[in-house]
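Peer 1: Below is the file upload20.txt, which contains compact mmCIF, C-alpha atoms and all ligand atoms.
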```txt
# COMPACT_ATOMS: atom_id res chain seq x y z
CA MET A 1 31.52 -30.04 30.61
CA SER A 2 28.84 -32.67 31.17
CA ASP A 3 26.87 -34.14 28.29
CA TYR A 4 23.62 -33.87 30.20
CA LYS A 5 21.09 -31.91 28.19
CA PRO A 6 17.75 -31.39 29.86
CA LEU A 7 14.63 -31.23 27.73
CA VAL A 8 12.69 -28.35 29.21
CA GLY A 9 10.17 -27.82 26.44
CA LYS A 10 9.45 -26.90 22.86
CA LEU A 11 8.53 -23.60 21.25
CA VAL A 12 6.53 -24.05 18.05
CA ILE A 13 6.42 -21.06 15.70
CA ASN A 14 3.90 -21.07 12.86
CA GLY A 15 3.51 -18.68 10.01
CA ALA A 16 3.63 -18.11 6.30
CA LEU A 17 6.44 -16.99 4.04
CA LEU A 18 5.19 -14.75 1.26
CA CYS A 19 7.24 -14.37 -1.92
CA LEU A 20 7.28 -10.70 -2.92
CA THR A 21 9.38 -11.58 -5.99
CA GLY A 22 9.91 -14.83 -7.91
CA LEU A 23 11.68 -17.50 -5.85
CA HIS A 24 14.26 -19.93 -7.19
CA ILE A 25 15.47 -22.74 -4.96
CA GLY A 26 17.38 -24.97 -7.31
CA ALA A 27 17.12 -28.72 -7.53
CA SER A 28 20.41 -30.58 -7.31
CA LYS A 29 21.93 -31.86 -10.54
CA ASP A 30 21.02 -35.51 -9.98
CA THR A 31 17.32 -34.63 -10.05
CA LEU A 32 17.57 -32.74 -13.35
CA GLU A 33 15.13 -33.93 -15.92
CA ILE A 34 16.03 -34.59 -19.54
CA GLY A 35 14.57 -31.90 -21.75
CA GLY A 36 13.81 -29.79 -18.70
CA VAL A 37 14.62 -26.15 -18.09
CA ASP A 38 18.24 -25.08 -17.51
CA SER A 39 17.73 -24.39 -13.85
CA PRO A 40 14.67 -26.09 -12.35
CA VAL A 41 13.26 -25.55 -8.85
CA VAL A 42 13.18 -28.25 -6.22
CA ARG A 43 9.91 -30.21 -6.19
CA ASP A 44 8.27 -32.88 -4.10
CA PRO A 45 8.78 -36.08 -6.10
CA LEU A 46 5.29 -37.36 -5.26
CA THR A 47 3.07 -34.30 -5.61
CA ARG A 48 5.32 -32.38 -8.08
CA GLU A 49 4.68 -29.25 -6.03
CA PRO A 50 7.60 -26.85 -5.56
CA TYR A 51 8.61 -26.53 -1.91
CA ILE A 52 11.28 -24.86 0.18
CA PRO A 53 13.50 -27.41 1.93
CA GLY A 54 13.76 -26.59 5.63
CA SER A 55 17.54 -26.86 5.22
CA SER A 56 17.52 -23.99 2.70
CA LEU A 57 15.78 -21.59 5.09
CA LYS A 58 17.84 -22.83 8.04
CA GLY A 59 21.11 -22.44 6.11
CA LYS A 60 20.20 -18.90 5.13
CA LEU A 61 19.33 -17.93 8.71
CA ARG A 62 22.57 -19.51 9.92
CA ALA A 63 24.61 -17.55 7.39
CA ILE A 64 22.91 -14.31 8.50
CA LEU A 65 23.72 -15.01 12.16
CA GLU A 66 27.34 -15.95 11.37
CA ARG A 67 27.84 -12.63 9.66
CA GLN A 68 26.13 -10.73 12.48
CA LYS A 69 28.43 -12.38 15.00
CA LYS A 70 31.46 -11.88 12.70
CA LEU A 71 32.42 -15.56 12.85
CA ASP A 72 34.92 -17.12 10.46
CA SER A 73 33.60 -19.61 7.95
CA ASN A 74 36.02 -22.35 8.88
CA ARG A 75 34.38 -25.46 7.40
CA TYR A 76 33.47 -26.54 3.92
CA SER A 77 29.79 -27.39 3.92
CA GLY A 78 29.45 -28.57 0.32
CA GLN A 79 28.32 -26.92 -2.92
CA GLY A 80 31.14 -24.38 -2.82
CA VAL A 81 30.04 -22.90 0.48
CA ASN A 82 32.02 -22.51 3.68
CA ARG A 83 30.37 -21.98 7.01
CA HIS A 84 31.29 -21.49 10.62
CA GLU A 85 31.23 -24.56 12.87
CA CYS A 86 32.66 -25.15 16.32
CA SER A 87 31.28 -27.28 19.11
CA LYS A 88 31.22 -24.71 21.88
CA PRO A 89 27.87 -24.65 23.71
CA THR A 90 28.50 -20.95 24.30
CA CYS A 91 28.61 -20.24 20.55
CA PRO A 92 25.30 -18.58 19.59
CA VAL A 93 25.41 -19.96 16.03
CA CYS A 94 26.29 -23.60 16.76
CA ARG A 95 23.93 -23.73 19.76
CA LEU A 96 20.98 -22.67 17.62
CA PHE A 97 21.88 -24.30 14.30
CA GLY A 98 24.04 -27.24 15.43
CA SER A 99 27.49 -28.47 14.52
CA THR A 100 29.06 -31.78 13.58
CA SER A 101 32.33 -32.79 15.13
CA LYS A 102 35.33 -33.03 12.82
CA GLU A 103 38.09 -33.51 15.38
CA LYS A 104 38.44 -36.41 17.81
CA ASP A 105 38.06 -34.27 20.91
CA GLU A 106 35.01 -32.46 19.57
CA LYS A 107 31.43 -33.38 20.28
CA ASN A 108 28.39 -33.03 18.06
CA LEU A 109 26.19 -30.16 19.07
CA PRO A 110 22.60 -30.95 18.04
CA ALA A 111 20.71 -27.92 16.73
CA ARG A 112 18.16 -26.37 19.02
CA LEU A 113 16.28 -25.11 15.99
CA ALA A 114 14.44 -27.38 13.58
CA VAL A 115 12.98 -25.96 10.37
CA ARG A 116 10.35 -28.09 8.68
CA ASP A 117 10.02 -28.17 4.89
CA LEU A 118 7.82 -25.32 3.70
CA ARG A 119 4.81 -26.33 1.62
CA LEU A 120 2.67 -24.12 -0.60
CA THR A 121 -0.40 -22.83 1.23
CA THR A 122 -3.71 -24.25 -0.02
CA ASP A 123 -4.67 -20.82 -1.42
CA SER A 124 -1.43 -20.51 -3.36
CA LYS A 125 -1.70 -24.05 -4.67
CA ASN A 126 -5.21 -23.38 -5.98
CA LEU A 127 -4.13 -20.09 -7.52
CA LEU A 128 -1.04 -21.51 -9.23
CA GLN A 129 -2.96 -24.48 -10.58
CA GLY A 130 -5.02 -22.01 -12.57
CA ILE A 131 -2.16 -20.21 -14.33
CA ASP A 132 -1.08 -21.27 -17.77
CA THR A 133 2.69 -21.16 -18.09
CA GLY A 134 3.23 -24.65 -19.47
CA LEU A 135 4.82 -25.65 -16.17
CA GLU A 136 3.32 -27.00 -12.98
CA TYR A 137 2.87 -24.17 -10.41
CA THR A 138 5.89 -22.20 -11.70
CA GLU A 139 7.05 -19.73 -14.35
CA LEU A 140 10.14 -19.42 -16.51
CA LYS A 141 12.33 -16.37 -16.53
CA PHE A 142 14.98 -15.82 -19.18
CA GLU A 143 18.24 -14.42 -17.88
CA ASN A 144 20.88 -13.25 -20.28
CA ALA A 145 24.45 -13.47 -19.12
CA LEU A 146 26.81 -11.56 -21.41
CA ASP A 147 30.35 -12.75 -21.89
CA ARG A 148 32.39 -9.64 -20.95
CA VAL A 149 35.11 -10.36 -23.46
CA SER A 150 33.26 -11.60 -26.53
CA ALA A 151 29.92 -9.93 -25.68
CA ALA A 152 28.27 -13.21 -26.69
CA ALA A 153 24.90 -13.76 -25.06
CA ASN A 154 24.34 -16.86 -23.01
CA PRO A 155 20.60 -16.99 -22.37
CA ARG A 156 19.38 -19.31 -19.63
CA GLN A 157 15.93 -20.29 -18.50
CA ILE A 158 15.41 -20.10 -14.79
CA GLU A 159 12.34 -21.66 -13.26
CA ARG A 160 10.79 -19.88 -10.32
CA VAL A 161 7.79 -19.84 -8.04
CA PRO A 162 5.84 -16.70 -9.03
CA ALA A 163 5.64 -13.59 -6.85
CA GLY A 164 2.60 -13.63 -4.60
CA SER A 165 2.95 -17.30 -3.67
CA SER A 166 2.88 -18.26 0.00
CA PHE A 167 4.40 -21.18 1.89
CA ASP A 168 3.40 -22.42 5.35
CA PHE A 169 6.28 -22.69 7.75
CA GLU A 170 6.92 -24.25 11.13
CA LEU A 171 10.00 -23.66 13.23
CA VAL A 172 10.55 -25.66 16.42
CA TYR A 173 12.97 -24.42 19.05
CA THR A 174 13.96 -27.00 21.67
CA VAL A 175 14.32 -25.47 25.11
CA GLU A 176 17.30 -27.14 26.76
CA THR A 177 17.84 -24.81 29.66
CA GLU A 178 15.98 -22.85 32.30
CA ASP A 179 18.58 -20.13 31.99
CA GLN A 180 16.37 -17.26 30.85
CA SER A 181 19.23 -15.22 29.45
CA GLN A 182 20.22 -18.07 27.11
CA ILE A 183 16.64 -18.59 25.87
CA LYS A 184 16.34 -14.83 25.33
CA GLU A 185 19.60 -14.74 23.40
CA ASP A 186 18.62 -17.67 21.15
CA LEU A 187 15.13 -16.34 20.41
CA GLY A 188 16.40 -12.79 19.96
CA ASN A 189 18.92 -14.12 17.42
CA LEU A 190 16.30 -16.19 15.61
CA PHE A 191 13.74 -13.41 15.25
CA SER A 192 16.31 -10.79 14.28
CA CYS A 193 17.65 -13.15 11.56
CA LEU A 194 14.11 -13.53 10.22
CA ARG A 195 13.82 -9.73 10.11
CA ILE A 196 17.14 -9.41 8.30
CA LEU A 197 16.01 -12.10 5.84
CA GLU A 198 13.20 -9.74 4.76
CA ASP A 199 15.83 -7.23 3.63
CA ASP A 200 17.99 -9.99 2.14
CA ALA A 201 16.96 -12.77 -0.26
CA LEU A 202 16.16 -16.45 -0.09
CA GLY A 203 17.34 -18.88 -2.76
CA GLY A 204 19.25 -18.16 -5.94
CA HIS A 205 19.76 -14.96 -7.96
CA GLY A 206 19.07 -12.62 -5.05
CA SER A 207 21.19 -9.91 -6.68
CA ARG A 208 18.86 -10.01 -9.68
CA GLY A 209 15.92 -9.37 -7.39
CA TYR A 210 14.76 -12.94 -6.84
CA GLY A 211 13.71 -14.32 -3.47
CA ARG A 212 12.47 -11.26 -1.63
CA VAL A 213 10.25 -12.64 1.12
CA LYS A 214 8.00 -11.45 3.91
CA ILE A 215 7.41 -13.42 7.09
CA GLN A 216 3.76 -13.38 8.11
CA LEU A 217 2.87 -14.57 11.57
CA LYS A 218 -0.57 -13.00 11.43
CA ASN A 219 -3.08 -15.64 10.48
CA GLU A 220 -6.24 -17.07 12.05
CA ASN A 221 -4.18 -19.44 14.16
CA PRO A 222 -1.98 -18.47 17.06
CA ALA A 223 1.60 -18.02 15.94
CA LEU A 224 3.48 -19.28 18.98
CA PHE A 225 3.02 -22.27 21.26
CA ALA A 226 5.41 -22.38 24.20
CA ARG A 227 5.17 -25.86 25.73
CA LYS A 228 6.84 -27.24 28.81
CA ILE A 229 7.76 -30.88 28.77
CA ASP A 230 4.86 -31.85 31.07
CA PHE A 231 2.46 -30.65 28.39
CA TYR A 232 3.33 -33.82 26.48
CA ARG A 233 2.90 -36.04 29.50
CA THR A 234 -0.72 -35.30 30.33
CA ALA A 235 -4.07 -35.65 28.61
CA ASP A 236 -5.80 -33.53 31.23
CA ALA A 237 -7.06 -30.32 29.63
CA GLU A 238 -6.51 -28.18 32.75
CA GLU A 239 -2.98 -29.49 33.26
CA LYS A 240 -2.15 -28.97 29.61
CA LYS A 241 -3.33 -25.38 29.82
CA LYS A 242 -0.89 -24.72 32.67
CA MET A 243 1.98 -26.21 30.71
CA GLU A 244 1.35 -24.26 27.53
CA LYS A 245 1.51 -20.58 26.75
CA VAL A 246 -0.28 -19.72 23.53
CA VAL A 247 0.63 -16.39 22.02
CA GLN A 248 -1.84 -14.96 19.55
CA ALA A 249 -1.09 -13.78 16.03
CA PHE A 250 1.22 -10.84 15.43
CA SER A 251 1.25 -8.19 12.75
CA SER A 252 5.04 -7.93 12.66
CA LEU A 253 8.24 -9.63 13.75
CA GLU A 254 9.03 -6.61 15.94
CA GLU A 255 6.05 -7.55 18.10
CA VAL A 256 7.45 -11.06 18.53
CA LEU A 257 10.79 -9.66 19.66
CA GLU A 258 8.90 -7.82 22.40
CA LYS A 259 7.49 -11.15 23.62
CA VAL A 260 10.87 -12.87 23.97
CA ASP A 261 11.28 -11.92 27.66
CA GLU A 262 7.83 -13.23 28.49
CA ILE A 263 8.49 -16.55 26.74
CA ALA A 264 11.89 -17.00 28.42
CA ALA A 265 10.29 -16.28 31.80
CA PHE A 266 7.64 -18.96 31.16
CA TYR A 267 10.32 -21.65 30.76
CA GLY A 268 12.64 -20.19 33.32
CA ASP A 269 10.33 -19.96 36.32
CA GLY A 270 11.79 -23.13 37.85
CA GLN A 271 8.39 -24.79 38.43
CA ASN A 272 9.20 -27.53 36.02
CA VAL A 273 12.43 -28.82 37.55
ZN ZN A 301 30.31 -22.09 16.67
```
As structure tokens, please, write out the structure in this file.

Peer 2:
Amino acid sequence: MSDYKPLVGKLVINGALLCLTGLHIGASKDTLEIGGVDSPVVRDPLTREPYIPGSSLKGKLRAILERQKKLDSNRYSGQGVNRHECSKPTCPVCRLFGSTSKEKDEKNLPARLAVRDLRLTTDSKNLLQGIDTGLEYTELKFENALDRVSAAANPRQIERVPAGSSFDFELVYTVETEDQSQIKEDLGNLFSCLRILEDDALGGHGSRGYGRVKIQLKNENPALFARKIDFYRTADAEEKKKMEKVVQAFSSLEEVLEKVDEIAAFYGDGQNV
């Protein structure tokens, strides 16, 4: 198979991720602070604001798709987690989320999906600045793990972003084909994984009720920008309009799924070859 990968366009998806319950995305051990809580959340080192690393959301969506497609977790991906990776362009998981070659005859498959880091919305930032928990923007929750044999309690403090907080998100899907069925498959997979995420959990301690989230694409701004590559090559307003399809806000992810055919047809009409 040839290595040629056309760049047909980009699909930019904007929205907000609302935390319905407290969210804990743990910082790695090397960023632990002396005298800090047992299990702190990941923060921006400059602003000290908690954020959701794009890799956390992307990894969760990948795991959901792997399970949907019943793929084996054949590679160790660090931190005690295995995941599926192959380098077949026909693999729905590796095509969307990427894979790194491990064998000599394998090639890297760059991810079509990029997930930017999720930052607190301005409203949430203002709201959380006003709460008095002794921590910046977060709260502490005590969890008591009982030793099953000795019944000794082992209380731990877990830091979390309080329920009701919102994060802005941006997902960018790179369109590498004019094959409408492939675009439809990728986008169908992406939006269904986001829907499943709402009935799953993001971050740690999901089985204790943490990390229940809602994806909100309905805001004042349009949620989807489908752009053909020529959009980026012109400054002419009329030309740009032809090369971009702006889809207005949605009230639910189901509505976005209904738009997938329309979006695939926009890229797949062959006018941009
Ligand atoms: Zn694969």

Peer 1: A:Pro45, A:Gly206, A:Gly98, A:Pro155: which is nearest ligand ZN 301 (chain A), counting all atoms listed in the file?

Peer 2: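 Result for the nearest residue to ligand ZN 301 (chain A): A:Gly98.
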
Peer 1: Show me which residues line ligand ZN 301 (chain A), defined as having an atom within 12 Å of a ligand atom where all atoms listed in the file count, and present them as a PyMOL selection string.

Peer 2: chain A and resi 62-63+65-66+69-75+83-101+106-111

Peer 1: Next, dump the selected residues to file, keeping only C-alpha atoms, as a short mmCIF file (atom, residue, chain, number, x, y, z; two decimals), in the frame of the given file.

Peer 2:
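Below you can see again.cif, which holds the result:
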```cif
data_model
loop_
_atom_site.label_atom_id
_atom_site.label_comp_id
_atom_site.auth_asym_id
_atom_site.auth_seq_id
_atom_site.Cartn_x
_atom_site.Cartn_y
_atom_site.Cartn_z
CA ARG A 62 22.57 -19.51 9.92
CA ALA A 63 24.61 -17.55 7.39
CA LEU A 65 23.72 -15.01 12.16
CA GLU A 66 27.34 -15.95 11.37
CA LYS A 69 28.43 -12.38 15.00
CA LYS A 70 31.46 -11.88 12.70
CA LEU A 71 32.42 -15.56 12.85
CA ASP A 72 34.92 -17.12 10.46
CA SER A 73 33.60 -19.61 7.95
CA ASN A 74 36.02 -22.35 8.88
CA ARG A 75 34.38 -25.46 7.40
CA ARG A 83 30.37 -21.98 7.01
CA HIS A 84 31.29 -21.49 10.62
CA GLU A 85 31.23 -24.56 12.87
CA CYS A 86 32.66 -25.15 16.32
CA SER A 87 31.28 -27.28 19.11
CA LYS A 88 31.22 -24.71 21.88
CA PRO A 89 27.87 -24.65 23.71
CA THR A 90 28.50 -20.95 24.30
CA CYS A 91 28.61 -20.24 20.55
CA PRO A 92 25.30 -18.58 19.59
CA VAL A 93 25.41 -19.96 16.03
CA CYS A 94 26.29 -23.60 16.76
CA ARG A 95 23.93 -23.73 19.76
CA LEU A 96 20.98 -22.67 17.62
CA PHE A 97 21.88 -24.30 14.30
CA GLY A 98 24.04 -27.24 15.43
CA SER A 99 27.49 -28.47 14.52
CA THR A 100 29.06 -31.78 13.58
CA SER A 101 32.33 -32.79 15.13
CA GLU A 106 35.01 -32.46 19.57
CA LYS A 107 31.43 -33.38 20.28
CA ASN A 108 28.39 -33.03 18.06
CA LEU A 109 26.19 -30.16 19.07
CA PRO A 110 22.60 -30.95 18.04
CA ALA A 111 20.71 -27.92 16.73
#
```

Peer 1: Any idea what the distance is between atom CA of A:Leu140 and atom CA of A:Gly78?

Peer 2: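 Calculated distance between atom CA of A:Leu140 and atom CA of A:Gly78 is 27.2 Å.
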
Peer 1: One number please: atom CA of A:Pro53 to atom CA of A:Arg195, in Å, one decimal.

Peer 2: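 Between atom CA of A:Pro53 and atom CA of A:Arg195 the gap is 19.5 Å.
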
Peer 1: For stretch 6-13 of chain A, I'd like the enclosing box, axis-aligned and padded by 5 Å on every side, reported as lines of an AutoDock Vina configuration file with centre and edge lengths in Å to one decimal.

Peer 2:
```
center_x = 12.1
center_y = -26.2
center_z = 22.8
size_x = 21.3
size_y = 20.3
size_z = 24.2
```

Peer 1: Within 6 Å of stretch 167-169 of chain A, counting only C-alpha atoms, which residues show up once you throw out same-chain ones fewer than 3 positions away? Write them as an NGL selection string, please.

Peer 2: :A and (14-17 or 118-121)

Peer 1: Show me, as JSON, numbers by chain, the residues that have an atom within 10 Å of stretch 228-244 of chain A when counting all atoms listed in the file, minus same-chain residues fewer than 4 positions from it.

Peer 2: {"A": [7, 8, 9, 10, 11, 175, 266, 267, 272]}

Peer 1: Write the selection just made, keeping C-alpha atoms, as a short mmCIF file (atom, residue, chain, number, x, y, z; two decimals), keeping the file's coordinate frame?

Peer 2:
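Contents of the output file part-v8.cif:
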```
data_model
loop_
_atom_site.label_atom_id
_atom_site.label_comp_id
_atom_site.auth_asym_id
_atom_site.auth_seq_id
_atom_site.Cartn_x
_atom_site.Cartn_y
_atom_site.Cartn_z
CA LEU A 7 14.63 -31.23 27.73
CA VAL A 8 12.69 -28.35 29.21
CA GLY A 9 10.17 -27.82 26.44
CA LYS A 10 9.45 -26.90 22.86
CA LEU A 11 8.53 -23.60 21.25
CA VAL A 175 14.32 -25.47 25.11
CA PHE A 266 7.64 -18.96 31.16
CA TYR A 267 10.32 -21.65 30.76
CA ASN A 272 9.20 -27.53 36.02
#
```

Peer 1: So the first atom is atom CA of A:His24 and the second is atom CA of A:Thr138; what is the distance between them in Å, to one decimal place?

Peer 2: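 Between atom CA of A:His24 and atom CA of A:Thr138 the gap is 9.8 Å.
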
Peer 1: May I have the residues at most 7 Å from (19.8, -12.3, 11.4) in the file's coordinates, counting all atoms listed in the file, as a list in words?

Peer 2: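 Every polymer residue passing the test: Leu61, Ile64, Leu65, Gln68, Asn189, Leu190, Ser192, Cys193, Leu194, Arg195, Ile196 and Leu197 of chain A.
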
Peer 1: Restricting the output to C-alpha atoms, write the selected residues as a PDB file, in the coordinates of the input.

Peer 2:
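Once written, selection.pdb looks like this:
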```pdb
ATOM      1  CA  LEU A  61      19.330 -17.930   8.710  1.00  0.00           C
ATOM      2  CA  ILE A  64      22.910 -14.310   8.500  1.00  0.00           C
ATOM      3  CA  LEU A  65      23.720 -15.010  12.160  1.00  0.00           C
ATOM      4  CA  GLN A  68      26.130 -10.730  12.480  1.00  0.00           C
ATOM      5  CA  ASN A 189      18.920 -14.120  17.420  1.00  0.00           C
ATOM      6  CA  LEU A 190      16.300 -16.190  15.610  1.00  0.00           C
ATOM      7  CA  SER A 192      16.310 -10.790  14.280  1.00  0.00           C
ATOM      8  CA  CYS A 193      17.650 -13.150  11.560  1.00  0.00           C
ATOM      9  CA  LEU A 194      14.110 -13.530  10.220  1.00  0.00           C
ATOM     10  CA  ARG A 195      13.820  -9.730  10.110  1.00  0.00           C
ATOM     11  CA  ILE A 196      17.140  -9.410   8.300  1.00  0.00           C
ATOM     12  CA  LEU A 197      16.010 -12.100   5.840  1.00  0.00           C
TER      13      LEU A 197
END
```

Peer 1: Set the distance at 9 Å and use only C-alpha atoms: which residues neighbour A:Gly164 once local chain neighbours fewer than 2 positions away are removed? I'd like the list as a count of residues only.

Peer 2: 9

Peer 1: Would you mind listing what lies within 7 Å of A:Ala201 as a VMD selection string, with only C-alpha atoms counted and same-chain residues fewer than 6 positions away left out?

Peer 2: chain A and resid 210 to 213

Peer 1: At a cut-off of 10 Å, using all atoms listed in the file, what residues contact A:Ile183? Leave out same-chain residues fewer than 2 positions from it and give the result as a VMD selection string.

Peer 2: chain A and resid 173 to 181 185 to 189 260 to 261 263 to 265 267 to 268
